[in-house]
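So this one's final.tsv, TSV, C-alpha atoms:
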chain	number	residue	atom	x	y	z
B	14	MET	CA	-6.07	55.78	47.06
B	15	ALA	CA	-2.96	57.22	45.57
B	16	ARG	CA	-0.31	55.24	47.37
B	17	LEU	CA	1.12	57.63	49.91
B	18	GLU	CA	4.43	55.79	49.66
B	19	ASP	CA	4.56	56.74	45.95
B	20	ILE	CA	4.30	60.44	46.70
B	21	PRO	CA	7.64	62.23	47.29
B	22	GLY	CA	8.36	63.01	50.93
B	23	PRO	CA	7.50	66.70	51.36
B	24	THR	CA	4.40	66.40	49.18
B	25	ARG	CA	3.34	63.22	50.99
B	26	THR	CA	3.51	64.98	54.31
B	27	ALA	CA	1.67	67.99	52.94
B	28	VAL	CA	-1.25	66.08	51.43
B	29	ALA	CA	-1.60	63.76	54.40
B	30	THR	CA	-1.49	66.42	57.09
B	31	ILE	CA	-2.97	69.48	55.39
B	32	ASP	CA	-5.67	71.29	57.31
B	33	CYS	CA	-9.03	70.47	55.78
B	34	PRO	CA	-12.27	72.29	56.46
B	35	ALA	CA	-14.59	70.58	58.92
B	36	PHE	CA	-18.14	70.70	57.65
B	37	GLU	CA	-20.77	71.03	60.34
B	38	THR	CA	-23.52	69.53	58.24
B	39	THR	CA	-23.68	66.34	56.18
B	40	PRO	CA	-25.95	67.21	53.27
B	41	PHE	CA	-26.90	64.32	51.01
B	42	VAL	CA	-28.95	65.44	48.04
B	43	SER	CA	-30.93	62.79	46.21
B	44	GLY	CA	-31.97	62.75	42.58
B	45	PRO	CA	-33.36	60.69	39.72
B	46	PRO	CA	-31.68	57.58	38.26
B	47	LEU	CA	-28.30	58.20	36.66
B	48	SER	CA	-29.76	57.70	33.19
B	49	LYS	CA	-31.89	60.79	33.74
B	50	ARG	CA	-29.23	63.04	35.21
B	51	ARG	CA	-27.47	66.02	33.68
B	52	VAL	CA	-23.82	65.75	34.66
B	53	ALA	CA	-21.15	68.43	35.11
B	54	ILE	CA	-17.46	68.30	36.01
B	55	VAL	CA	-15.55	70.47	38.46
B	56	SER	CA	-11.78	70.09	38.08
B	57	SER	CA	-9.23	71.39	40.58
B	58	ALA	CA	-6.45	71.43	37.96
B	59	ALA	CA	-6.68	75.19	37.23
B	60	LEU	CA	-7.44	74.39	33.61
B	61	ILE	CA	-7.21	77.13	31.02
B	62	GLU	CA	-7.90	77.32	27.34
B	63	ARG	CA	-4.74	77.76	25.27
B	64	GLY	CA	-3.86	81.44	25.11
B	65	ASP	CA	-5.55	82.33	28.38
B	66	LYS	CA	-3.48	83.55	31.30
B	67	PRO	CA	-2.71	80.87	33.91
B	68	PHE	CA	-4.44	81.04	37.30
B	69	ASP	CA	-2.67	83.22	39.84
B	70	PHE	CA	-1.13	81.47	42.83
B	71	GLY	CA	-3.72	81.19	45.58
B	72	SER	CA	-6.53	82.37	43.33
B	73	GLY	CA	-10.06	81.64	44.53
B	74	GLU	CA	-11.54	82.23	41.09
B	75	CYS	CA	-13.40	79.71	38.99
B	76	ARG	CA	-13.36	79.55	35.21
B	77	PRO	CA	-15.89	78.02	32.85
B	78	LEU	CA	-15.11	75.25	30.39
B	79	GLN	CA	-17.65	74.98	27.61
B	80	ARG	CA	-18.81	71.54	26.53
B	81	SER	CA	-18.07	72.58	22.97
B	82	ALA	CA	-14.46	73.62	23.66
B	83	ASN	CA	-11.71	71.70	21.91
B	84	ALA	CA	-10.47	69.48	24.73
B	85	ASP	CA	-7.02	69.31	23.17
B	86	ASP	CA	-6.58	73.04	23.74
B	87	ILE	CA	-7.17	72.78	27.49
B	88	LEU	CA	-4.02	73.11	29.60
B	89	ILE	CA	-3.21	72.60	33.28
B	90	SER	CA	-1.97	75.81	34.94
B	91	HIS	CA	-1.98	74.49	38.52
B	92	VAL	CA	0.76	75.88	40.74
B	93	SER	CA	1.97	72.51	42.05
B	94	ILE	CA	4.76	70.72	40.20
B	95	ASN	CA	4.42	67.66	42.41
B	96	PHE	CA	1.75	65.79	40.50
B	97	ASP	CA	1.95	63.93	37.24
B	98	ARG	CA	1.52	65.65	33.88
B	99	ALA	CA	2.61	62.74	31.65
B	100	GLY	CA	-0.85	61.19	31.58
B	101	TYR	CA	-2.57	64.44	30.75
B	102	GLN	CA	-0.05	65.10	28.02
B	103	ARG	CA	-1.39	62.04	26.20
B	104	ASP	CA	-5.06	62.51	27.06
B	105	ILE	CA	-6.95	65.38	28.70
B	106	ASN	CA	-9.63	62.92	29.83
B	107	VAL	CA	-7.32	61.54	32.50
B	108	VAL	CA	-7.90	64.87	34.29
B	109	TYR	CA	-11.06	66.27	32.71
B	110	PRO	CA	-13.23	63.40	31.43
B	111	ILE	CA	-15.40	65.41	29.06
B	112	ASP	CA	-15.23	62.89	26.22
B	113	ARG	CA	-16.14	60.04	28.57
B	114	LEU	CA	-19.25	61.93	29.68
B	115	LYS	CA	-20.26	62.65	26.08
B	116	HIS	CA	-19.98	58.97	25.18
B	117	MET	CA	-21.89	57.92	28.31
B	118	ALA	CA	-24.69	60.28	27.29
B	119	ILE	CA	-24.77	58.78	23.79
B	120	ASP	CA	-24.96	55.31	25.31
B	121	GLY	CA	-27.77	56.31	27.68
B	122	LEU	CA	-25.82	55.71	30.88
B	123	ILE	CA	-26.36	59.35	31.87
B	124	GLY	CA	-29.07	61.68	30.73
B	125	SER	CA	-26.99	64.52	29.30
B	126	VAL	CA	-23.80	66.56	29.66
B	127	ALA	CA	-23.89	70.07	31.09
B	128	ASN	CA	-23.24	72.96	28.74
B	129	THR	CA	-20.63	74.47	31.03
B	130	HIS	CA	-18.15	72.88	33.44
B	131	TYR	CA	-15.86	74.64	35.92
B	132	THR	CA	-12.30	74.59	37.15
B	133	VAL	CA	-10.54	76.02	40.19
B	134	MET	CA	-7.03	76.07	41.65
B	135	GLY	CA	-7.12	73.11	43.99
B	136	SER	CA	-4.35	74.29	46.30
B	137	THR	CA	-6.23	77.45	47.25
B	138	ASP	CA	-7.70	77.76	50.74
B	139	PRO	CA	-11.36	76.65	50.44
B	140	ALA	CA	-12.36	79.72	52.47
B	141	ALA	CA	-11.30	81.83	49.47
B	142	MET	CA	-13.62	79.86	47.18
B	143	VAL	CA	-16.99	80.61	48.76
B	144	GLU	CA	-17.97	83.11	46.08
B	145	SER	CA	-16.89	80.67	43.39
B	146	ALA	CA	-18.94	77.89	44.99
B	147	ASP	CA	-21.97	80.19	45.02
B	148	PHE	CA	-21.39	81.12	41.40
B	149	ILE	CA	-20.88	77.54	40.21
B	150	ALA	CA	-23.92	76.27	42.09
B	151	ALA	CA	-26.14	78.95	40.58
B	152	ALA	CA	-24.78	78.31	37.10
B	153	PHE	CA	-25.31	74.57	37.38
B	154	LYS	CA	-28.86	75.01	38.62
B	155	ALA	CA	-29.62	77.35	35.74
B	156	ASP	CA	-28.34	74.62	33.40
B	157	HIS	CA	-30.51	71.99	35.20
B	158	VAL	CA	-27.45	70.04	36.38
B	159	ASP	CA	-28.28	67.39	38.98
B	160	ALA	CA	-25.00	65.47	39.18
B	161	VAL	CA	-21.50	66.88	39.71
B	162	VAL	CA	-18.26	64.93	39.37
B	163	LEU	CA	-15.43	66.45	41.37
B	164	ALA	CA	-12.08	65.63	39.79
B	165	PRO	CA	-9.12	66.74	41.94
B	166	VAL	CA	-5.50	66.32	40.93
K	21	MET	CA	-19.54	73.04	49.29
K	22	LEU	CA	-21.75	72.32	46.26
K	23	GLU	CA	-23.78	69.68	48.10
K	24	GLU	CA	-24.58	72.31	50.76
K	25	ARG	CA	-25.94	74.40	47.92
K	26	GLY	CA	-28.30	71.64	46.80
K	27	LEU	CA	-26.25	69.82	44.14
K	28	PRO	CA	-25.53	66.08	44.34
K	29	THR	CA	-21.78	65.47	44.11
K	30	THR	CA	-19.41	62.55	43.76
K	31	VAL	CA	-15.63	62.86	44.05
K	32	LEU	CA	-12.78	60.92	42.48
K	33	ALA	CA	-10.65	60.89	45.60
K	34	LEU	CA	-6.87	60.54	45.51
K	35	VAL	CA	-5.82	61.07	49.14
K	36	LEU	CA	-7.54	59.04	51.84
K	37	PRO	CA	-6.54	61.21	54.84
K	38	GLN	CA	-8.23	64.19	53.18
K	39	VAL	CA	-11.41	62.19	52.58
K	40	GLU	CA	-11.42	61.03	56.19
K	41	LYS	CA	-11.18	64.64	57.36
K	42	THR	CA	-13.69	66.23	55.00
K	43	ARG	CA	-16.17	63.30	54.78
K	44	PRO	CA	-17.67	64.16	51.38
K	45	PRO	CA	-21.14	62.70	50.70
K	46	ARG	CA	-19.86	60.31	48.03
K	47	ALA	CA	-16.26	59.42	47.25
K	48	LEU	CA	-14.61	56.83	45.07
K	49	MET	CA	-11.07	56.24	46.29
K	50	VAL	CA	-8.86	55.59	43.28
K	51	PRO	CA	-5.38	54.02	43.49
K	52	PHE	CA	-3.82	56.31	40.91
K	53	MET	CA	-1.01	58.79	41.28
K	54	LEU	CA	-1.67	62.45	41.90
K	55	GLY	CA	-2.49	64.18	38.63
K	56	ARG	CA	-4.54	61.44	36.98
K	57	PRO	CA	-7.89	60.91	38.72
K	58	LEU	CA	-9.22	58.86	35.79
K	59	GLY	CA	-6.18	56.59	35.88
K	60	GLU	CA	-5.04	55.55	32.44
K	61	PRO	CA	-4.47	57.97	29.55
K	62	GLY	CA	-5.82	56.86	26.20
K	63	ASP	CA	-7.82	53.96	27.65
K	64	SER	CA	-11.46	54.99	27.31
K	65	ASP	CA	-12.78	51.68	28.67
K	66	PHE	CA	-10.70	52.00	31.84
K	67	GLN	CA	-11.67	55.65	32.33
K	68	ARG	CA	-15.31	54.80	31.77
K	69	ARG	CA	-15.21	52.13	34.48
K	70	VAL	CA	-13.77	54.64	36.93
K	71	LEU	CA	-16.25	57.36	36.06
K	72	LEU	CA	-19.25	55.05	36.05
K	73	GLN	CA	-18.42	53.65	39.48
K	74	ALA	CA	-18.15	57.19	40.83
K	75	LEU	CA	-21.42	58.24	39.20
K	76	ARG	CA	-23.25	55.16	40.48
K	77	LEU	CA	-22.63	56.44	43.99
K	78	LEU	CA	-25.21	59.13	43.20
K	79	GLU	CA	-27.90	56.44	43.19
K	80	ARG	CA	-27.02	55.19	46.68
K	81	THR	CA	-29.50	56.04	49.40
K	82	ASP	CA	-27.43	55.03	52.42
K	83	GLY	CA	-25.70	58.37	53.05
K	84	PRO	CA	-24.77	60.81	54.40
K	85	VAL	CA	-21.24	59.51	53.77
K	86	VAL	CA	-20.62	56.86	51.10
K	87	LEU	CA	-17.10	55.64	50.33
K	88	GLU	CA	-16.05	53.00	47.82
K	89	HIS	CA	-12.66	51.91	46.50
K	90	PHE	CA	-11.83	51.38	42.83
K	91	PRO	CA	-10.26	47.93	42.69
K	92	ASP	CA	-7.66	48.13	39.92
K	93	ASP	CA	-4.37	49.86	39.27
K	94	ASN	CA	-4.04	51.62	35.95
K	95	PRO	CA	-1.65	49.76	33.61
K	96	SER	CA	0.98	52.49	33.28
K	97	HIS	CA	1.25	53.00	37.03
K	98	PHE	CA	4.23	50.65	37.01
K	99	ASP	CA	7.50	51.03	35.09
K	100	ARG	CA	7.34	49.49	31.64
K	101	PRO	CA	10.26	47.05	31.32
K	102	GLY	CA	12.63	47.94	28.51
K	103	TRP	CA	11.11	51.34	27.87
K	104	GLU	CA	13.35	53.82	26.10
K	105	PRO	CA	12.51	57.46	25.39
K	106	SER	CA	11.60	58.25	21.80
K	107	VAL	CA	14.58	60.54	21.45
K	108	THR	CA	18.18	59.50	22.10
K	109	LEU	CA	20.39	62.19	23.56
K	110	PRO	CA	24.04	62.29	24.62
K	111	PRO	CA	24.42	62.59	28.38
K	112	PRO	CA	24.55	66.15	29.70
K	113	GLY	CA	27.99	67.60	30.37
K	114	THR	CA	29.19	70.36	32.61
K	115	TYR	CA	28.85	73.93	31.49
K	116	ALA	CA	31.11	76.73	32.68
K	117	ASP	CA	28.91	79.70	31.99
K	118	ALA	CA	25.59	80.90	30.60
K	119	ASP	CA	26.90	80.88	27.03
K	120	GLU	CA	27.77	77.19	27.27
K	121	TRP	CA	24.38	76.36	28.81
K	122	GLU	CA	22.62	78.27	26.06
K	123	THR	CA	24.49	76.45	23.29
K	124	ALA	CA	24.02	73.01	24.87
K	125	PHE	CA	20.31	73.57	25.44
K	126	ARG	CA	19.75	74.95	21.96
K	127	ASP	CA	21.52	71.95	20.43
K	128	GLU	CA	19.49	69.54	22.55
K	129	LEU	CA	16.22	71.24	21.63
K	130	GLU	CA	17.04	70.72	17.95
K	131	ALA	CA	17.41	67.00	18.64
K	132	VAL	CA	14.18	66.81	20.64
K	133	ILE	CA	11.93	68.70	18.21
K	134	PRO	CA	11.39	65.83	15.72
K	135	ALA	CA	10.14	63.47	18.46
K	136	TRP	CA	7.95	66.21	19.90
K	137	GLU	CA	6.44	66.78	16.46
K	138	ARG	CA	5.76	63.04	16.16
K	139	PHE	CA	3.96	63.16	19.52
K	140	GLU	CA	1.78	66.03	18.38
K	141	ALA	CA	0.95	64.25	15.11
K	142	ARG	CA	0.16	61.00	16.91
K	143	PHE	CA	-1.99	62.38	19.73
K	144	GLY	CA	-3.33	65.48	17.99
K	145	ARG	CA	-2.34	67.67	20.89
K	146	THR	CA	0.45	69.36	22.77
K	147	THR	CA	0.40	70.77	26.27
K	148	VAL	CA	3.22	73.20	25.50
K	149	GLY	CA	1.90	76.74	25.53
K	150	LEU	CA	1.59	78.12	29.05
K	151	SER	CA	4.56	80.48	28.82
K	152	GLY	CA	3.60	82.47	25.77
K	153	GLN	CA	7.21	82.11	24.56
K	154	PRO	CA	8.14	80.32	21.33
K	155	LEU	CA	10.59	77.53	22.04
K	156	GLN	CA	13.26	79.25	19.98
K	157	ASP	CA	13.39	81.92	22.70
K	158	TRP	CA	13.84	79.52	25.63
K	159	PRO	CA	17.65	79.15	25.46
K	160	ASP	CA	18.20	82.91	25.42
K	161	CYS	CA	15.70	83.50	28.22
K	162	ALA	CA	17.24	80.79	30.38
K	163	ALA	CA	20.77	82.03	29.75
K	164	SER	CA	19.79	85.59	30.61
K	165	VAL	CA	18.54	84.42	34.00
K	166	LEU	CA	21.84	82.59	34.57
K	167	ARG	CA	23.62	85.86	33.81
K	168	GLY	CA	21.60	87.60	36.50
K	169	ALA	CA	19.08	89.39	34.29
K	170	LEU	CA	15.38	89.51	35.14
K	171	PRO	CA	13.47	88.89	31.90
K	172	VAL	CA	9.73	89.51	31.87
K	173	VAL	CA	7.69	87.93	29.09
K	174	ALA	CA	4.03	88.75	28.40
K	175	PRO	CA	1.41	87.84	29.51
K	176	PHE	CA	3.26	87.76	32.82
K	177	GLU	CA	4.34	90.78	34.80
K	178	SER	CA	7.20	89.22	36.72
K	179	THR	CA	10.38	87.30	36.03
K	180	ALA	CA	9.27	84.68	38.52
K	181	LEU	CA	6.18	83.70	36.57
K	182	SER	CA	7.80	84.18	33.16
K	183	VAL	CA	10.51	81.69	34.03
K	184	ARG	CA	8.21	79.38	35.99
K	185	PHE	CA	5.92	78.82	33.02
K	186	MET	CA	8.85	78.54	30.61
K	187	CYS	CA	10.07	75.69	32.84
K	188	ASP	CA	6.60	74.12	32.60
K	189	ASP	CA	6.72	74.35	28.82
K	190	ILE	CA	10.20	72.80	28.70
K	191	LYS	CA	9.06	69.89	30.87
K	192	ALA	CA	5.94	69.45	28.77
K	193	MET	CA	7.86	69.40	25.50
K	194	TYR	CA	10.37	66.85	26.73
K	195	GLY	CA	7.70	64.71	28.37
K	196	GLU	CA	5.79	64.59	25.13
K	197	ALA	CA	8.88	63.90	23.04
K	198	ALA	CA	9.89	61.05	25.35
K	199	GLN	CA	6.59	59.24	24.80
K	200	ALA	CA	6.12	60.01	21.10
K	201	ASP	CA	6.29	56.34	20.11
K	202	GLY	CA	5.08	53.09	21.61
K	203	PRO	CA	2.96	52.33	24.67
K	204	ALA	CA	2.76	54.62	27.69
K	205	PRO	CA	5.74	54.49	30.09
K	206	SER	CA	5.26	55.19	33.77
K	207	ALA	CA	5.41	58.80	34.88
K	208	GLY	CA	8.52	57.96	36.90
K	209	GLN	CA	10.36	56.70	33.84
K	210	ILE	CA	9.82	60.00	32.05
K	211	ASP	CA	10.77	62.01	35.12
K	212	ARG	CA	13.98	60.10	35.77
K	213	TRP	CA	15.03	60.49	32.13
K	214	PHE	CA	14.28	64.21	32.09
K	215	TRP	CA	15.89	65.16	35.37
K	216	ARG	CA	18.94	62.90	35.17
K	217	GLN	CA	19.72	62.46	31.48
K	218	THR	CA	18.93	65.71	29.70
K	219	VAL	CA	20.61	69.09	29.45
K	220	ALA	CA	17.19	70.65	29.97
K	221	GLY	CA	16.70	68.92	33.31
K	222	GLN	CA	20.14	70.02	34.49
K	223	LEU	CA	19.44	73.53	33.21
K	224	LEU	CA	16.26	73.80	35.29
K	225	ILE	CA	18.22	72.70	38.35
K	226	ALA	CA	20.81	75.40	37.54
K	227	LEU	CA	18.05	77.98	37.09
K	228	ARG	CA	16.66	77.05	40.47
K	229	ALA	CA	20.08	77.51	42.09
K	230	LYS	CA	20.46	80.92	40.43
K	231	ALA	CA	16.95	81.95	41.46
K	232	MET	CA	17.68	81.00	45.06
K	233	GLU	CA	20.56	83.53	45.07
K	234	SER	CA	18.50	86.28	43.43
K	235	PRO	CA	17.81	89.61	45.12
K	236	ASN	CA	14.40	89.38	43.45
K	237	ASN	CA	12.25	87.84	46.17
K	238	GLY	CA	9.58	86.64	43.76
K	239	LEU	CA	12.10	84.76	41.66
K	240	LYS	CA	13.76	83.36	44.77
K	241	THR	CA	10.48	82.04	46.17
K	242	VAL	CA	9.01	80.72	42.95
K	243	GLY	CA	12.32	79.27	41.78
K	244	GLY	CA	12.88	77.51	45.06
K	245	ARG	CA	9.47	75.90	45.11
K	246	PHE	CA	8.29	75.54	41.54
K	247	PHE	CA	11.16	74.90	39.14
K	248	VAL	CA	12.29	71.44	40.31
K	249	PRO	CA	10.20	68.78	42.09
K	250	ALA	CA	11.42	67.53	45.44
K	251	PRO	CA	12.73	64.10	44.34
K	252	TYR	CA	15.17	65.72	41.90
K	253	LEU	CA	16.55	68.49	44.05
K	254	PRO	CA	20.33	68.36	44.48
K	255	LYS	CA	21.39	66.49	47.60
K	256	GLY	CA	22.66	68.47	50.54
Would you write the structure of this file as structure tokens?
Amino acid sequence: MARLEDIPGPTRTAVATIDCPAFETTPFVSGPPLSKRRVAIVSSAALIERGDKPFDFGSGECRPLQRSANADDILISHVSINFDRAGYQRDINVVYPIDRLKHMAIDGLIGSVANTHYTVMGSTDPAAMVESADFIAAAFKADHVDAVVLAPV
Amino acid sequence: MLEERGLPTTVLALVLPQVEKTRPPRALMVPFMLGRPLGEPGDSDFQRRVLLQALRLLERTDGPVVLEHFPDDNPSHFDRPGWEPSVTLPPPGTYADADEWETAFRDELEAVIPAWERFEARFGRTTVGLSGQPLQDWPDCAASVLRGALPVVAPFESTALSVRFMCDDIKAMYGEAAQADGPAPSAGQIDRWFWRQTVAGQLLIALRAKAMESPNNGLKTVGGRFFVPAPYLPKG
């Protein structure tokens, strides 16, 4: 895990003690071998394409990221200033591993890469994201996605 | 939430207490700092190992809760001995008023631009661009806030967000300039340089102090929380 001792004090306390939703069920959806799966990413970094307006604080919205988008024009607009940006400055894949997925598909490790990926503002109350979860799930199913990588920041 | 809707998920998890509370179906705990779930920038082999281990969890059949740990630190997690930023700047001074801040910041920006341009040429990207303001406008905007004005810059509709995202752009530009050449430093090395050894870092701390005194509640709140990270707040 991220070493809690490496996280500055107030942020360390916040991430370690934050209220998290308790899920009453423990769904566990099976699927085909990885080499047959269509994989999508959901990032909590509030990513935007250059020129788009940043996410509002506390927004429960989701935004699409097209597979064909230029990854070097994707920016973090997350409200928090207490996580690293230096890695992402050098390489978007450290946050949003779209190029890694594309190469894994070429090499046959996964079946294919989804046409559309999604991003949300990770600090938002999950209760405000229900509509977004419904929307993303429907979109992924329409694109025949059967594997989702969740990449928080 | 997606698994409940019928989609198999796997998470690159950064904070163990949150995983213990939420018990996602599949989680790979990674030992990286917040903000880099794939670990090492520019190292496709390392990132691929992380991603593949997380994806392999989708083939496990021993749910409903599967948790693994990624075994390795990413190389730039630790300070790089002897690292120096790619731009050499004189130490920041003390500035009596907004005019002096504006001049000092404008002069420093001129010195930083060449390294920032080298970064952009080397990596083919820049993360500057959230604020909608050209960098030539930053010194004037910052100085106006220090004078007590409340500038609003499109696409934002408030001073709080206009200044917040200008601060983000300033940090991005300096962070990129600092690592224009050579191997990746640690994030802490860049942060310590920016917040302790640049006019820009001191300016953002001054902007925060001014925001905290503002009658504009939005600026006061956003400035207090989102201009300067906790480790670099003034003592006392």
Task: Length of the atom CA of K:Gln156 to atom CA of K:Leu129 vector [Å] - done: 8.7 Å
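Here the question is which of B:Met142, B:Ile111, B:Ile87, B:Ala155 gets nearest to K:Arg145 using all atoms listed in the file, and that residue is B:Ile87.
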- [ ] Write out as number ranges by chain the residues lying within 10 Å of stretch 132-138 of chain B, counting all atoms listed in the file and excluding same-chain residues fewer than 5 positions away.
- [x] B: 32-34, 54-61, 68-78, 89-93, 109, 143, 145-146, 149, 163-166
Open item on the list: Quick one: residues within 10 Å of B:Ile105, all atoms listed in the file, excluding same-chain residues fewer than 4 positions away - as JSON, numbers by chain?
Closed with: {"B": [84, 85, 86, 87, 88, 89, 98, 100, 101, 109, 110, 111, 112], "K": [56, 58, 61, 62, 145, 147]}
Open item on the list: I'd like the contact shell of stretch 39-41 of chain B - 7 Å cut-off, all atoms listed in the file, skipping same-chain residues fewer than 6 positions apart - returned as a PyMOL selection string.
Closed with: chain K and resi 23-24+45+83-84
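Coordinates place atom CA of K:Gly221 at a distance of 15.1 Å from atom CA of K:Glu120.
Interatomic distance, atom CA of B:Leu47 to atom CA of B:His157: 14.0 Å.
Contact shell of K:Pro44 at 9 Å (only C-alpha atoms; same-chain neighbours under 5 positions omitted): B:Thr39, K:Glu23, K:Thr29, K:Thr30, K:Val31, K:Val39, K:Pro84, K:Val85, K:Val86, K:Leu87.
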Open item on the list: List as a list of chain:residue names the residues having at least one atom at most 12 Å from position (22.1, 84.5, 41.8) as given in the file, counting only C-alpha atoms.
Closed with: K:Ser164, K:Val165, K:Leu166, K:Arg167, K:Gly168, K:Ala169, K:Leu170, K:Ala226, K:Leu227, K:Arg228, K:Ala229, K:Lys230, K:Ala231, K:Met232, K:Glu233, K:Ser234, K:Pro235, K:Asn236, K:Asn237, K:Leu239, K:Lys240, K:Gly243
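Restricting the calculation to only C-alpha atoms, the smallest distance between chain K and any of B:Asp104, B:Glu37, B:Glu62, B:Asp120 is found for B:Asp104.
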TODO: Find, counting all atoms listed in the file, the residue in B:Ala27, B:Ala53, B:Ala141, B:Val42 that gets nearest to chain K.
DONE: B:Val42
